[in-house]
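Structure first, commentary second.
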Amino acid sequence: MNKIDGFFTESIGQFSKSYFSYLKEIFDKVDLLEIRSFIEILLAARESGATIFFVGNGGSASTASHFANDLAFGTNEYEKPFKAMSIVDNISVLTALGNDYGYDDIFIRQLKVYARKGDVLVGISASGNSQNLINAFEYASTSGIKTVALTAFDGGRMRKIAEYGIHIPTEKKEYGPAEDLHMILDHLVGSYLMRLVKK
């Protein structure tokens, strides 16, 4: 059951209180070891000079862009940077690939051009079932590219394919809380790494 439907009320004050309480409930269930593993993967990529690719659809696409920006530039590290990029941002590339090959191929075809063995693919998806992400993850898993899935709901196929991941344990269709926590993960990771690399 979608818990947000369950606590909805026309009182915005009460609804706000319930929404925030529910976010805290979800926060408390996130596996901190998964966050640590993700940090270790990002630091290893930085050390080796590997590229970290972020992908997602819809709201998760904007999180992918934000994450790549915060990691590559928000850490303010230029001597040994985090080489992070979002492959959802070039509308000409996305529309060309979508038009010529289909929407399911918009990420895999970019990875075939840009990605190399040892790089990292981070997919952000509440459902974990978007075919364009599944295709990208299946390609990465057979090409020596590390895969990390940031998921919610039950994690879907992407969570099963990925080597690593951070799962946000929401109910199905709870896109708001799922995307809220993915965005907070971005800021948590970015805040930590910008301080760590400046030690």
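Chain identifiers are assigned as A, B, and so on, following the order in which chains appear in the structure tokens; residues are numbered from 1 within each chain, and ligands are numbered from 1 in order of appearance.
Look at A:Ala64: the protein and nucleic acid residues within 8 Å of it, using only C-alpha atoms and passing over chain neighbours fewer than 2 places away, are A:Phe54, A:Val55, A:Gly56, A:Ser60, A:Ala61, A:Ser62, A:His66, A:Phe67, A:Ala68, A:Ser86, A:Val88, A:Gly123, A:Ile124.
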Quiz prompt | Members of stretch 18-158 of chain A assigned strand (DSSP E or B) by DSSP, as a ChimeraX atom specification | solution = /A:51-56,83-86,120-124,146-151
Using only C-alpha atoms, tabulate the residues of stretch 78-160 of chain A lying at most 6 Å from any atom of stretch 41-52 of chain A, each with its closest atom pair and that distance in Å to one decimal, by chain and increasing residue number, as a Markdown table.
| residue | atom | partner | partner_atom | distance |
| --- | --- | --- | --- | --- |
| A:Phe82 | CA | A:Arg46 | CA | 5.0 |
| A:Lys83 | CA | A:Thr51 | CA | 4.9 |
| A:Ala84 | CA | A:Ile52 | CA | 4.5 |
| A:Asp119 | CA | A:Ala50 | CA | 4.8 |
| A:Val120 | CA | A:Ile52 | CA | 4.6 |
| A:Leu121 | CA | A:Ile52 | CA | 5.9 |
Quiz item: In Å, how far is it from atom CA of A:Asn76 to atom CA of A:Leu193?
Solution: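 Atom CA of A:Leu193 lies at a distance of 9.9 Å from atom CA of A:Asn76.
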Practice problem: Fewer than 3 positions away in the same chain doesn't count, so skip those; otherwise give me all residues within 7 Å of A:Glu171, counting only C-alpha atoms, as a count of residues only. | Solution: 4
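Using only C-alpha atoms for every distance, the candidate list A:Asp31, A:Asp5, A:Glu77, A:Glu10 yields A:Glu77 as the residue closest to A:Gly190.
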Quiz item: Residues at most 9 Å from stretch 179-184 of chain A, counting only C-alpha atoms, excluding those fewer than 2 positions away in the same chain, as a PyMOL selection string?
Solution: chain A and resi 23+26-27+59-60+63+66-67+124-126+150-152+168+174-177+186-189
Keeping only C-alpha atoms, write the selected residues as a short mmCIF file (atom, residue, chain, number, x, y, z; two decimals), in the first residue's frame.
data_model
loop_
_atom_site.label_atom_id
_atom_site.label_comp_id
_atom_site.auth_asym_id
_atom_site.auth_seq_id
_atom_site.Cartn_x
_atom_site.Cartn_y
_atom_site.Cartn_z
CA LEU A 23 10.92 10.24 5.58
CA ILE A 26 12.70 5.43 5.75
CA PHE A 27 16.03 7.09 6.66
CA GLY A 59 13.05 13.10 -11.78
CA SER A 60 15.93 10.65 -11.49
CA THR A 63 19.19 13.78 -9.76
CA HIS A 66 22.88 17.10 -9.91
CA PHE A 67 24.95 14.17 -8.59
CA ILE A 124 19.17 6.13 -10.33
CA SER A 125 15.64 4.71 -10.47
CA ALA A 126 12.79 4.29 -8.02
CA LEU A 150 20.32 3.64 -6.42
CA THR A 151 16.81 2.23 -6.14
CA ALA A 152 13.56 2.24 -4.16
CA ILE A 168 15.69 3.18 -0.33
CA GLU A 174 6.07 6.39 -3.54
CA TYR A 175 8.12 8.46 -5.96
CA GLY A 176 8.31 11.52 -3.72
CA PRO A 177 10.07 9.88 -0.76
CA ASP A 186 23.75 13.14 -3.36
CA HIS A 187 24.24 15.88 -0.80
CA LEU A 188 25.46 13.48 1.89
CA VAL A 189 28.05 11.92 -0.43
#
Practice problem: Write out as a PyMOL selection string all residues of chain A that backbone DSSP assigns to alpha helix (DSSP H). | Solution: chain A and resi 3-7+12-27+32-48+59-69+91-101+108-114+131-141+156-161+175-196
Quiz item: Could you state the separation of atom CA of A:Phe20 and atom CA of A:Gly156 in Å, given to one decimal place?
Solution: 25.5 Å
Practice problem: Considering only C-alpha atoms, return as a PyMOL selection string whatever protein or nucleic-acid residues lie within 12 Å of A:Ser141, sequence-local ones (same chain, fewer than 3 positions apart) excluded. | Solution: chain A and resi 108+111+116-121+134-138+144-148+158+160-164
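Atom pair atom CA of A:His167 / atom CA of A:Leu71 has a distance of 19.9 Å (rounded to one decimal).
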Self-check item: Given only C-alpha atoms as the counted atoms, nearest of A:Thr9, A:Gln14, A:Ser37, A:Asn57 to A:Ser130
Solution: A:Asn57
